[in-house]
>>> print(open('model-v5.cif').read())   # mmCIF, C-alpha atoms (C1' of nucleotides)
data_entry
#
loop_
_atom_site.label_atom_id
_atom_site.label_comp_id
_atom_site.auth_asym_id
_atom_site.auth_seq_id
_atom_site.Cartn_x
_atom_site.Cartn_y
_atom_site.Cartn_z
CA MET A 1169 -90.53 -25.30 -14.02
CA ASP A 1170 -93.61 -26.10 -12.05
CA LEU A 1171 -93.17 -23.24 -9.69
CA ARG A 1172 -95.79 -24.56 -7.34
CA ALA A 1173 -93.80 -27.67 -6.49
CA ARG A 1174 -90.59 -25.70 -6.20
CA LEU A 1175 -92.12 -23.25 -3.78
CA VAL A 1176 -93.18 -26.09 -1.53
CA GLU A 1177 -89.75 -27.69 -1.81
CA VAL A 1178 -87.78 -24.51 -1.19
CA GLY A 1179 -90.11 -23.59 1.63
CA GLY A 1180 -89.59 -26.99 3.19
CA GLU A 1181 -85.83 -26.66 3.06
CA LEU A 1182 -86.03 -23.20 4.54
CA LEU A 1183 -88.29 -24.49 7.29
CA ASP A 1184 -85.95 -27.32 8.17
CA SER A 1185 -82.85 -25.14 8.11
CA GLU A 1186 -83.95 -21.79 9.48
CA GLY A 1187 -87.12 -22.57 11.36
CA LEU A 1188 -90.70 -21.47 11.13
CA GLY A 1189 -89.95 -17.84 11.85
CA ALA A 1190 -87.95 -17.48 8.65
CA LEU A 1191 -90.72 -18.83 6.47
CA SER A 1192 -91.98 -15.59 4.97
CA LEU A 1193 -93.67 -15.54 1.63
CA ARG A 1194 -91.19 -13.14 0.13
CA GLU A 1195 -88.19 -15.09 1.35
CA ILE A 1196 -89.51 -18.30 -0.18
CA ALA A 1197 -90.07 -16.48 -3.46
CA ARG A 1198 -86.57 -15.02 -3.27
CA ARG A 1199 -84.99 -18.43 -2.76
CA ALA A 1200 -87.06 -19.85 -5.58
CA GLY A 1201 -85.71 -17.09 -7.80
CA VAL A 1202 -89.01 -15.45 -8.60
CA SER A 1203 -90.59 -12.16 -7.72
CA HIS A 1204 -92.59 -11.74 -4.56
CA GLY A 1205 -95.87 -11.73 -6.44
CA ALA A 1206 -95.31 -14.99 -8.25
CA PRO A 1207 -96.48 -17.37 -5.52
CA ARG A 1208 -99.88 -15.74 -5.67
CA ARG A 1209 -100.58 -17.53 -8.97
CA HIS A 1210 -100.37 -20.87 -7.16
CA PHE A 1211 -101.31 -20.05 -3.59
CA PRO A 1212 -103.88 -17.34 -3.04
CA THR A 1213 -102.41 -16.55 0.34
CA HIS A 1214 -99.33 -17.07 2.42
CA LEU A 1215 -101.15 -19.48 4.73
CA GLU A 1216 -102.15 -21.66 1.86
CA LEU A 1217 -98.51 -22.11 0.93
CA LEU A 1218 -97.66 -22.92 4.52
CA SER A 1219 -100.47 -25.45 4.55
CA ALA A 1220 -99.04 -27.14 1.50
CA ILE A 1221 -95.69 -27.39 3.26
CA ALA A 1222 -97.34 -28.80 6.36
CA ARG A 1223 -99.20 -31.29 4.23
CA GLU A 1224 -95.87 -32.71 3.13
CA GLY A 1225 -95.11 -33.27 6.77
CA PHE A 1226 -98.27 -35.26 7.36
CA THR A 1227 -97.65 -37.51 4.37
CA ASP A 1228 -94.05 -38.04 5.46
CA LEU A 1229 -95.16 -38.98 8.94
CA ALA A 1230 -97.73 -41.40 7.56
CA ALA A 1231 -95.12 -42.93 5.28
CA ARG A 1232 -92.70 -43.40 8.15
CA ALA A 1233 -95.38 -45.07 10.22
CA GLU A 1234 -96.35 -47.36 7.39
CA ALA A 1235 -92.75 -48.33 6.70
CA ALA A 1236 -92.01 -49.04 10.35
CA LEU A 1237 -95.15 -51.08 10.79
CA ALA A 1238 -94.53 -53.07 7.61
CA THR A 1239 -91.33 -54.57 8.95
CA GLY A 1240 -92.31 -54.35 12.60
CA PRO A 1241 -93.85 -56.79 15.06
CA ALA A 1242 -97.33 -58.19 14.74
CA ALA A 1243 -98.70 -57.88 18.26
CA PRO A 1244 -100.92 -54.79 18.66
CA ARG A 1245 -99.21 -53.64 21.83
CA ALA A 1246 -95.80 -53.84 20.19
CA ARG A 1247 -97.09 -52.08 17.09
CA LEU A 1248 -98.30 -49.25 19.26
CA GLY A 1249 -94.84 -48.94 20.72
CA VAL A 1250 -93.37 -48.72 17.23
CA LEU A 1251 -95.94 -46.16 16.17
CA ALA A 1252 -95.35 -44.02 19.22
CA ARG A 1253 -91.61 -44.04 18.69
CA VAL A 1254 -91.99 -43.11 15.04
CA TYR A 1255 -94.19 -40.22 16.06
CA LEU A 1256 -91.82 -38.89 18.66
CA ASP A 1257 -88.78 -39.38 16.45
CA PHE A 1258 -90.46 -37.45 13.69
CA ALA A 1259 -91.33 -34.60 16.01
CA VAL A 1260 -87.77 -34.35 17.33
CA GLU A 1261 -85.93 -34.96 14.08
CA ARG A 1262 -88.05 -32.65 11.94
CA ARG A 1263 -89.05 -30.24 14.63
CA GLY A 1264 -89.66 -27.29 12.35
CA ARG A 1265 -92.08 -29.35 10.30
CA TYR A 1266 -93.79 -30.69 13.38
CA GLU A 1267 -94.11 -27.21 14.82
CA LEU A 1268 -95.78 -25.97 11.66
CA MET A 1269 -98.05 -29.01 11.41
CA PHE A 1270 -99.54 -28.24 14.79
CA ARG A 1271 -99.73 -24.48 14.59
CA HIS A 1272 -103.45 -24.55 14.06
CA ASP A 1273 -103.66 -20.79 14.47
CA ILE A 1274 -101.76 -20.57 11.19
CA LEU A 1275 -103.19 -23.49 9.32
CA GLU A 1276 -106.80 -23.61 10.36
CA SER A 1277 -107.54 -19.96 9.70
CA GLY A 1278 -108.11 -20.71 6.05
CA HIS A 1279 -110.44 -23.57 6.99
CA LEU A 1280 -108.41 -25.81 4.73
CA ARG A 1281 -109.43 -28.89 6.67
CA LEU A 1282 -105.79 -29.69 7.04
CA ARG A 1283 -106.35 -30.94 10.54
CA GLU A 1284 -108.12 -33.91 9.05
CA LYS A 1285 -104.88 -35.01 7.47
CA SER A 1286 -104.04 -36.58 10.80
CA LEU A 1287 -107.28 -38.53 11.02
CA PRO A 1288 -106.14 -41.71 9.20
CA LEU A 1289 -103.23 -42.00 11.55
CA PHE A 1290 -105.51 -41.49 14.49
CA ARG A 1291 -107.85 -44.16 13.23
CA LEU A 1292 -104.95 -46.57 12.97
CA LEU A 1293 -104.05 -45.66 16.52
CA THR A 1294 -107.60 -46.30 17.68
CA ASP A 1295 -107.73 -49.69 15.97
CA LEU A 1296 -104.51 -50.81 17.56
CA VAL A 1297 -105.65 -49.60 20.95
CA ALA A 1298 -108.91 -51.51 20.55
CA GLN A 1299 -106.92 -54.67 20.02
CA ALA A 1300 -104.28 -54.05 22.63
CA ALA A 1301 -105.96 -52.37 25.56
CA PRO A 1302 -107.34 -54.31 28.49
CA PRO A 1303 -111.12 -54.51 28.07
CA SER A 1304 -111.68 -53.01 31.49
CA SER A 1305 -110.46 -49.57 30.49
CA SER A 1306 -112.22 -46.68 28.77
CA PRO A 1307 -113.47 -46.92 25.20
CA PRO A 1308 -110.70 -47.17 22.61
CA GLU A 1309 -111.24 -43.69 21.18
CA ILE A 1310 -110.78 -42.19 24.62
CA VAL A 1311 -107.65 -44.19 25.32
CA ALA A 1312 -106.32 -43.41 21.87
CA GLY A 1313 -107.09 -39.73 22.32
CA ALA A 1314 -105.36 -39.62 25.67
CA LEU A 1315 -102.39 -41.46 24.21
CA TRP A 1316 -102.16 -39.08 21.29
CA ALA A 1317 -102.30 -36.14 23.67
CA SER A 1318 -99.48 -37.75 25.62
CA LEU A 1319 -97.36 -38.08 22.52
CA HIS A 1320 -98.07 -34.56 21.38
CA GLY A 1321 -97.33 -33.15 24.80
CA LEU A 1322 -94.12 -35.12 25.07
CA ALA A 1323 -93.05 -33.91 21.64
CA GLU A 1324 -93.70 -30.27 22.41
CA LEU A 1325 -92.34 -30.16 25.92
CA TRP A 1326 -89.32 -32.17 24.93
CA ASN A 1327 -88.58 -30.14 21.83
CA TRP A 1328 -88.08 -26.94 23.69
CA GLY A 1329 -86.31 -28.46 26.63
CA SER A 1330 -88.88 -28.09 29.37
CA LEU A 1331 -88.72 -31.76 30.23
CA THR A 1332 -84.94 -31.74 30.28
CA LEU A 1333 -85.10 -28.79 32.59
CA ALA A 1334 -87.75 -30.29 34.85
CA THR A 1335 -86.86 -33.96 34.97
CA GLY A 1336 -83.17 -33.88 34.12
CA ALA A 1337 -83.69 -36.54 31.48
CA THR A 1338 -81.40 -36.52 28.48
CA ASP A 1339 -83.53 -38.73 26.28
CA PRO A 1340 -87.29 -38.82 25.82
CA GLY A 1341 -87.23 -42.61 25.74
CA ALA A 1342 -87.94 -43.10 29.43
CA LEU A 1343 -90.82 -40.66 29.32
CA LEU A 1344 -92.23 -42.30 26.25
CA GLU A 1345 -91.99 -45.70 27.88
CA ALA A 1346 -93.72 -44.43 30.98
CA ALA A 1347 -96.54 -42.96 28.92
CA LEU A 1348 -96.95 -46.15 26.93
CA THR A 1349 -97.13 -48.48 29.90
CA ALA A 1350 -99.40 -46.03 31.67
CA HIS A 1351 -101.93 -45.98 28.88
CA LEU A 1352 -101.58 -49.53 27.64
CA GLY A 1353 -100.12 -51.55 30.44
CA PRO A 1354 -96.61 -52.99 30.54
CA ALA A 1355 -95.02 -54.31 27.39
CA PRO A 1356 -95.28 -58.10 27.36
CA GLU A 1357 -91.68 -58.73 26.32
CA ALA A 1358 -88.52 -57.07 25.07
CA THR A 1359 -88.86 -53.97 22.92
CA THR A 1360 -86.05 -53.08 20.57
CA MET B 513 -100.04 6.44 35.38
CA ASP B 514 -97.50 3.70 35.54
CA LEU B 515 -97.59 2.96 31.85
CA ARG B 516 -95.73 -0.28 32.29
CA ALA B 517 -98.47 -1.87 34.33
CA ARG B 518 -101.15 -0.52 32.03
CA LEU B 519 -99.46 -1.95 28.98
CA VAL B 520 -99.45 -5.38 30.56
CA GLU B 521 -103.06 -4.99 31.60
CA VAL B 522 -104.31 -3.70 28.26
CA GLY B 523 -102.29 -6.35 26.47
CA GLY B 524 -103.81 -9.02 28.65
CA GLU B 525 -107.33 -7.86 27.88
CA LEU B 526 -106.54 -7.72 24.20
CA LEU B 527 -105.08 -11.20 24.36
CA ASP B 528 -108.13 -12.61 26.09
CA SER B 529 -110.59 -10.90 23.78
CA GLU B 530 -108.94 -10.93 20.35
CA GLY B 531 -106.37 -13.67 20.62
CA LEU B 532 -102.65 -13.86 20.28
CA GLY B 533 -102.61 -12.77 16.65
CA ALA B 534 -103.96 -9.34 17.55
CA LEU B 535 -101.29 -8.68 20.14
CA SER B 536 -99.11 -6.30 18.18
CA LEU B 537 -96.96 -3.76 19.93
CA ARG B 538 -98.57 -0.84 18.17
CA GLU B 539 -102.10 -2.02 18.90
CA ILE B 540 -101.33 -2.36 22.59
CA ALA B 541 -99.89 1.13 22.60
CA ARG B 542 -102.94 2.43 20.74
CA ARG B 543 -105.33 0.92 23.28
CA ALA B 544 -103.27 2.28 26.11
CA GLY B 545 -103.60 5.73 24.55
CA VAL B 546 -99.91 6.33 23.95
CA SER B 547 -97.76 6.57 20.86
CA HIS B 548 -96.20 3.51 19.32
CA GLY B 549 -92.78 4.36 20.64
CA ALA B 550 -93.81 4.71 24.25
CA PRO B 551 -93.64 1.03 25.26
CA ARG B 552 -89.98 1.05 24.40
CA ARG B 553 -89.23 3.01 27.56
CA HIS B 554 -90.47 0.06 29.63
CA PHE B 555 -89.93 -2.95 27.38
CA PRO B 556 -86.89 -2.91 25.12
CA THR B 557 -88.63 -5.17 22.66
CA HIS B 558 -92.01 -6.49 21.72
CA LEU B 559 -91.18 -9.94 23.01
CA GLU B 560 -90.30 -8.62 26.39
CA LEU B 561 -93.76 -7.12 26.70
CA LEU B 562 -95.30 -10.40 25.61
CA SER B 563 -93.22 -12.18 28.21
CA ALA B 564 -94.54 -9.89 30.90
CA ILE B 565 -98.08 -10.72 29.81
CA ALA B 566 -97.31 -14.43 29.84
CA ARG B 567 -95.81 -14.08 33.27
CA GLU B 568 -99.16 -12.91 34.55
CA GLY B 569 -100.60 -16.14 33.23
CA PHE B 570 -98.14 -18.27 35.16
CA THR B 571 -98.82 -16.49 38.40
CA ASP B 572 -102.57 -16.75 37.83
CA LEU B 573 -102.28 -20.46 37.19
CA ALA B 574 -100.22 -20.94 40.32
CA ALA B 575 -102.74 -18.93 42.33
CA ARG B 576 -105.62 -21.02 41.04
CA ALA B 577 -103.79 -24.20 41.93
CA GLU B 578 -103.00 -22.95 45.39
CA ALA B 579 -106.57 -21.87 46.01
CA ALA B 580 -108.03 -25.14 44.82
CA LEU B 581 -105.60 -27.18 46.86
CA ALA B 582 -106.19 -25.11 49.99
CA THR B 583 -109.85 -26.09 50.17
CA GLY B 584 -109.42 -29.43 48.44
CA PRO B 585 -108.95 -32.99 49.63
CA ALA B 586 -105.92 -34.18 51.53
CA ALA B 587 -105.09 -37.46 49.83
CA PRO B 588 -102.25 -37.06 47.31
CA ARG B 589 -104.09 -38.91 44.55
CA ALA B 590 -107.14 -36.71 44.95
CA ARG B 591 -104.99 -33.59 45.09
CA LEU B 592 -103.45 -34.59 41.79
CA GLY B 593 -106.92 -34.85 40.30
CA VAL B 594 -107.74 -31.36 41.51
CA LEU B 595 -104.46 -30.00 40.19
CA ALA B 596 -104.96 -31.58 36.80
CA ARG B 597 -108.46 -30.19 36.50
CA VAL B 598 -107.31 -26.73 37.46
CA TYR B 599 -104.63 -26.94 34.80
CA LEU B 600 -106.97 -28.05 32.07
CA ASP B 601 -109.66 -25.58 33.07
CA PHE B 602 -107.14 -22.78 32.94
CA ALA B 603 -105.97 -23.82 29.49
CA VAL B 604 -109.51 -23.96 28.12
CA GLU B 605 -110.91 -20.95 29.91
CA ARG B 606 -108.00 -18.64 29.20
CA ARG B 607 -106.85 -20.20 26.01
CA GLY B 608 -105.18 -17.12 24.59
CA ARG B 609 -103.08 -16.80 27.72
CA TYR B 610 -102.24 -20.48 27.70
CA GLU B 611 -101.29 -20.34 24.03
CA LEU B 612 -98.92 -17.47 24.67
CA MET B 613 -97.45 -19.10 27.77
CA PHE B 614 -96.34 -22.08 25.74
CA ARG B 615 -95.22 -20.36 22.60
CA HIS B 616 -91.59 -20.84 23.45
CA ASP B 617 -90.55 -19.65 20.00
CA ILE B 618 -91.81 -16.24 21.06
CA LEU B 619 -90.86 -16.18 24.69
CA GLU B 620 -87.60 -18.03 24.84
CA SER B 621 -85.90 -16.03 22.10
CA GLY B 622 -85.07 -13.34 24.59
CA HIS B 623 -83.63 -15.97 26.96
CA LEU B 624 -85.76 -14.47 29.69
CA ARG B 625 -85.82 -17.74 31.58
CA LEU B 626 -89.56 -17.51 31.56
CA ARG B 627 -89.84 -21.22 31.10
CA GLU B 628 -88.65 -21.62 34.65
CA LYS B 629 -91.79 -19.91 35.86
CA SER B 630 -93.48 -23.29 35.55
CA LEU B 631 -90.91 -25.09 37.64
CA PRO B 632 -92.49 -24.59 41.09
CA LEU B 633 -95.73 -26.02 39.81
CA PHE B 634 -93.88 -28.95 38.35
CA ARG B 635 -92.10 -29.55 41.60
CA LEU B 636 -95.45 -29.63 43.39
CA LEU B 637 -96.63 -32.13 40.80
CA THR B 638 -93.58 -34.29 41.37
CA ASP B 639 -94.03 -34.27 45.13
CA LEU B 640 -97.65 -35.32 44.88
CA VAL B 641 -96.76 -38.04 42.41
CA ALA B 642 -94.08 -39.32 44.74
CA GLN B 643 -96.69 -39.69 47.46
CA ALA B 644 -99.46 -41.04 45.29
CA ALA B 645 -97.91 -43.28 42.70
CA PRO B 646 -97.55 -47.01 43.23
CA PRO B 647 -93.93 -47.68 44.18
CA SER B 648 -93.56 -50.17 41.36
CA SER B 649 -93.68 -47.53 38.66
CA SER B 650 -91.00 -45.26 37.20
CA PRO B 651 -89.27 -42.56 39.28
CA PRO B 652 -91.59 -39.72 40.29
CA GLU B 653 -89.98 -37.14 38.00
CA ILE B 654 -90.58 -39.38 35.04
CA VAL B 655 -94.19 -40.06 35.96
CA ALA B 656 -94.73 -36.38 36.69
CA GLY B 657 -93.14 -35.41 33.38
CA ALA B 658 -95.29 -37.85 31.46
CA LEU B 659 -98.37 -36.62 33.30
CA TRP B 660 -97.54 -33.00 32.56
CA ALA B 661 -97.04 -33.87 28.92
CA SER B 662 -100.43 -35.54 28.96
CA LEU B 663 -102.06 -32.47 30.38
CA HIS B 664 -100.33 -30.14 27.97
CA GLY B 665 -101.21 -32.35 25.02
CA LEU B 666 -104.82 -32.61 26.12
CA ALA B 667 -105.02 -28.87 26.52
CA GLU B 668 -103.60 -28.13 23.09
CA LEU B 669 -105.42 -30.80 21.15
CA TRP B 670 -108.65 -30.04 22.91
CA ASN B 671 -108.37 -26.31 22.48
CA TRP B 672 -108.33 -26.45 18.75
CA GLY B 673 -110.86 -29.19 18.42
CA SER B 674 -108.72 -32.06 17.21
CA LEU B 675 -109.94 -34.33 19.96
CA THR B 676 -113.55 -33.44 19.35
CA LEU B 677 -113.01 -34.26 15.72
CA ALA B 678 -111.18 -37.49 16.37
CA THR B 679 -112.97 -38.93 19.38
CA GLY B 680 -116.36 -37.25 19.15
CA ALA B 681 -116.10 -36.19 22.77
CA THR B 682 -117.85 -33.00 23.81
CA ASP B 683 -116.04 -32.56 27.08
CA PRO B 684 -112.39 -33.13 27.94
CA GLY B 685 -113.37 -34.64 31.28
CA ALA B 686 -113.40 -38.24 30.08
CA LEU B 687 -110.02 -37.82 28.45
CA LEU B 688 -108.60 -36.19 31.53
CA GLU B 689 -109.95 -38.99 33.70
CA ALA B 690 -108.45 -41.59 31.39
CA ALA B 691 -105.08 -39.88 31.51
CA LEU B 692 -105.17 -39.60 35.29
CA THR B 693 -106.04 -43.22 35.94
CA ALA B 694 -103.52 -44.30 33.34
CA HIS B 695 -100.65 -42.47 35.00
CA LEU B 696 -101.70 -42.80 38.62
CA GLY B 697 -104.04 -45.75 38.84
CA PRO B 698 -107.77 -45.56 39.52
CA ALA B 699 -109.15 -42.99 41.89
CA PRO B 700 -109.88 -44.60 45.27
CA GLU B 701 -113.30 -43.01 45.75
CA ALA B 702 -115.65 -40.37 44.44
CA THR B 703 -114.19 -37.25 42.84
CA THR B 704 -116.26 -34.09 42.70
"C1'" DC C 1024 -82.73 29.22 39.28
"C1'" DC C 1025 -81.34 26.16 36.09
"C1'" DC C 1026 -80.44 22.21 34.10
"C1'" DA C 1027 -80.14 17.21 33.60
"C1'" DG C 1028 -82.65 13.02 33.04
"C1'" DG C 1029 -86.79 10.33 32.58
"C1'" DC C 1030 -90.58 9.72 29.57
"C1'" DG C 1031 -93.57 10.19 25.74
"C1'" DT C 1032 -93.93 11.95 20.60
"C1'" DA C 1033 -93.15 11.75 15.81
"C1'" DG C 1034 -90.93 10.37 11.91
"C1'" DA C 1035 -87.89 7.30 9.41
"C1'" DC C 1036 -86.40 2.65 7.91
"C1'" DA C 1037 -86.64 -2.05 6.48
"C1'" DC C 1038 -89.65 -5.63 6.20
"C1'" DT C 1039 -94.06 -8.14 5.76
"C1'" DG C 1040 -98.62 -9.85 3.05
"C1'" DT C 1041 -101.90 -8.44 -0.27
"C1'" DC C 1042 -103.70 -6.12 -4.40
"C1'" DT C 1043 -103.46 -4.27 -9.16
"C1'" DA C 1044 -101.79 -3.02 -13.67
"C1'" DC C 1045 -98.82 -4.60 -17.01
"C1'" DG C 1046 -96.26 -7.56 -20.44
"C1'" DC C 1047 -94.76 -11.73 -22.22
"C1'" DC C 1048 -95.31 -16.11 -24.27
"C1'" DG C 1049 -97.57 -20.13 -26.12
"C1'" DC C 1050 -101.89 -22.28 -27.34
"C1'" DT C 1051 -106.04 -22.60 -29.79
"C1'" DC C 1052 -109.62 -21.46 -33.06
"C1'" DT C 1053 -111.13 -19.71 -37.29
"C1'" DA D 1179 -101.30 -18.93 -41.01
"C1'" DG D 1180 -102.67 -15.21 -38.20
"C1'" DA D 1181 -105.23 -13.20 -34.35
"C1'" DG D 1182 -106.68 -13.28 -30.01
"C1'" DC D 1183 -106.70 -14.89 -25.54
"C1'" DG D 1184 -105.53 -16.80 -21.16
"C1'" DG D 1185 -102.02 -18.41 -17.93
"C1'" DC D 1186 -98.00 -16.82 -15.55
"C1'" DG D 1187 -94.44 -13.95 -13.79
"C1'" DT D 1188 -92.94 -8.79 -12.93
"C1'" DA D 1189 -93.08 -4.52 -10.66
"C1'" DG D 1190 -94.98 -1.13 -7.97
"C1'" DA D 1191 -98.27 0.52 -4.50
"C1'" DC D 1192 -100.44 0.22 0.06
"C1'" DA D 1193 -101.26 -0.62 4.87
"C1'" DG D 1194 -99.32 -2.65 8.62
"C1'" DT D 1195 -95.45 -4.27 11.66
"C1'" DG D 1196 -91.04 -3.78 15.03
"C1'" DT D 1197 -87.12 -1.07 15.83
"C1'" DC D 1198 -84.22 3.11 15.93
"C1'" DT D 1199 -83.30 8.09 16.46
"C1'" DA D 1200 -83.95 12.98 17.13
"C1'" DC D 1201 -86.73 15.88 19.51
"C1'" DG D 1202 -89.61 18.25 23.34
"C1'" DC D 1203 -91.68 18.46 27.74
"C1'" DC D 1204 -91.71 18.50 32.56
"C1'" DT D 1205 -90.28 17.59 37.02
"C1'" DG D 1206 -86.92 17.07 40.85
"C1'" DG D 1207 -82.36 18.09 42.83
"C1'" DG D 1208 -78.09 20.86 43.00
#
>>> encode(input="model-v5.cif", output="structure tokens")
Amino acid sequence: MDLRARLVEVGGELLDSEGLGALSLREIARRAGVSHGAPRRHFPTHLELLSAIAREGFTDLAARAEAALATGPAAPRARLGVLARVYLDFAVERRGRYELMFRHDILESGHLRLREKSLPLFRLLTDLVAQAAPPSSSPPEIVAGALWASLHGLAELWNWGSLTLATGATDPGALLEAALTAHLGPAPEATT
Amino acid sequence: MDLRARLVEVGGELLDSEGLGALSLREIARRAGVSHGAPRRHFPTHLELLSAIAREGFTDLAARAEAALATGPAAPRARLGVLARVYLDFAVERRGRYELMFRHDILESGHLRLREKSLPLFRLLTDLVAQAAPPSSSPPEIVAGALWASLHGLAELWNWGSLTLATGATDPGALLEAALTAHLGPAPEATT
DNA sequence: CCCAGGCGTAGACACTGTCTACGCCGCTCT
DNA sequence: AGAGCGGCGTAGACAGTGTCTACGCCTGGG
């Protein structure tokens, strides 16, 4: 019952197990045990169903960030470190989801304004940067934007092995640390 | 004559004009004036044709970098600025090409080792970083990797407007500059 | 001269997303 | 209480895709 929710759930499982390429409308319907026309009652188009699945990813990412920050340190610079690690961990751990969430050619075509789902997180990032960055640097939105781009780039390049191939690294931690200190200056003390 | 070359050429034009979504095997064949089965004589699969088109992008990017560096400044830090701008300009100007070049889910499935086409450029980046970076920072490969990730992230986020939406910027220049000074320190003097 | 092989054609197949006609079932309104 | 209606899932059609196979042409070498 409630086919709409089950389609999103089944689709999410399929995405996490088989990858984005396997996420066809008919296959989702098949796994949900309904005919291929059934999803149309709840999602006018395939992309709209994919968007709903991606949406789940954004809320999960936000929840992870919130949870980590709730029990995390208080200093803005340290909080940024926590946030960045949560972001990268999410991208690596749930790479199918992350891939879908940033396939704007899929998601944006229906002008579903899904891209704005990431705005609250970006605003949080900007606030923390405003508190943590040295006042001599660029405006906080610029620093935050550059930092976000760093994280996104690290996630993508790492996820398909280009950085392993190019740098020989076996863990994105060093790269993440380099990006963080580059954008924000060195961490004041020990980071867990 | 030489259908193989014409397929790559026609496909490239189609990619630049209509975008990656329009790049179906049959459409390329149609525009080349041959039947839908003809490409198979030269490319065993659709992905292999796409890879050939992407390859063109990598060589073009390398050529642009070489040209810009040939007439550019001599100081490593300034050369890195030139290189970064060439990279970002390429990604924005030829966004369909860039999108295809980094769609590893398409290109890597045929294990065509196409990803390694970017290695020479990365090695150049690493060398310049080794000469330009302050010796106190991380090893050059790490800094170069983080810088590359920054550039890739900027290119992607900028190309689909997320950074415009989030930061209000109308030009990626400020973001690029912020990323460069973050990773490499401030530019010593004027940059054109 | 002939014939073998490269190359393009044409049709089939399975699969996709979308659209439409249909039927079922439960709810509401008189 | 009975009739009608609207939401929801089914089933089939359609155009489009990538891949495979059988078939012709045409040219170059024995």
>>> resolve_selection(input="model-v5.cif", expression="the PyMOL selection byres ((chain A) within 10 of (chain C))", output="PyMOL selection string")
chain A and resi 1192-1194+1204-1205+1208+1212-1214
>>> interface_residues(input="model-v5.cif", of="chain D", to="chain B", cutoff="10 Å", atoms="only C-alpha atoms (C1' of nucleotides)", output="number ranges by chain")
D: 1194-1198
>>> resolve_selection(input="model-v5.cif", expression="the PyMOL selection byres ((chain A) within 6 of (chain B))", output="MDAnalysis selection string")
chainID A and resid 1309:1310 1314 1317:1318 1320:1322 1335 1343 1347 1350:1351
>>> residues_around(input="model-v5.cif", residues="range 1197-1202 of chain A", least_positions_apart="3", cutoff="9 Å", atoms="only C-alpha atoms (C1' of nucleotides)", output="MDAnalysis selection string")
(chainID A and resid 1171 1174:1175 1178:1179 1182 1192:1194 1205:1207) or (chainID D and resid 1187:1188)
>>> residues_around(input="model-v5.cif", residues="Leu592 in chain B", least_positions_apart="2", cutoff="8 Å", atoms="only C-alpha atoms (C1' of nucleotides)", output="list in words")
Pro588, Arg589, Ala590, Val594, Leu595, Ala596, Leu637, Leu640 and Val641 of chain B
>>> atom_distance(input="model-v5.cif", atom1="CA of Gly584 in chain B", atom2="CA of Gly569 in chain B")
22.0 Å
>>> axis_aligned_box(input="model-v5.cif", around="range 1278-1292 of chain A", padding_each_side="3 Å", output="AutoDock Vina command-line options")
--center_x -106.8 --center_y -33.6 --center_z 9.6 --size_x 13.2 --size_y 31.9 --size_z 15.8
>>> atom_distance(input="model-v5.cif", atom1="CA of Arg606 in chain B", atom2="CA of Asp528 in chain B")
6.8 Å
>>> closest_residue(input="model-v5.cif", among="A:Ala1259, A:Leu1268, A:Ala1173, A:Leu1191", to="Ala1222 in chain A", atoms="all atoms listed in the file")
A:Leu1268
>>> atom_distance(input="model-v5.cif", atom1="CA of Ser563 in chain B", atom2="C1' of DA1200 in chain D")
29.0 Å
>>> decode(input="model-v5.cif", residues="range 646-655 of chain B", atoms="N, CA and C atoms", output="compact mmCIF listing (two decimals), in the first residue's frame")
# COMPACT_ATOMS: atom_id res chain seq x y z
N PRO B 646 54.66 26.53 -1.52
CA PRO B 646 55.54 26.70 -0.37
C PRO B 646 55.95 25.35 0.17
N PRO B 647 57.20 25.17 0.51
CA PRO B 647 57.71 23.85 0.89
C PRO B 647 57.07 23.34 2.19
N SER B 648 56.39 24.19 2.90
CA SER B 648 55.80 23.74 4.16
C SER B 648 54.55 22.90 3.95
N SER B 649 53.97 22.97 2.77
CA SER B 649 52.67 22.34 2.58
C SER B 649 52.80 20.84 2.31
N SER B 650 51.69 20.22 1.96
CA SER B 650 51.64 18.78 1.70
C SER B 650 52.48 18.44 0.47
N PRO B 651 52.73 17.15 0.25
CA PRO B 651 53.48 16.75 -0.96
C PRO B 651 52.79 17.25 -2.23
N PRO B 652 53.57 17.49 -3.26
CA PRO B 652 53.02 18.10 -4.48
C PRO B 652 51.86 17.33 -5.08
N GLU B 653 51.93 15.98 -5.06
CA GLU B 653 50.82 15.23 -5.67
C GLU B 653 49.52 15.50 -4.94
N ILE B 654 49.64 15.64 -3.62
CA ILE B 654 48.42 15.89 -2.84
C ILE B 654 47.86 17.28 -3.17
N VAL B 655 48.75 18.27 -3.17
CA VAL B 655 48.29 19.62 -3.49
C VAL B 655 47.73 19.66 -4.90
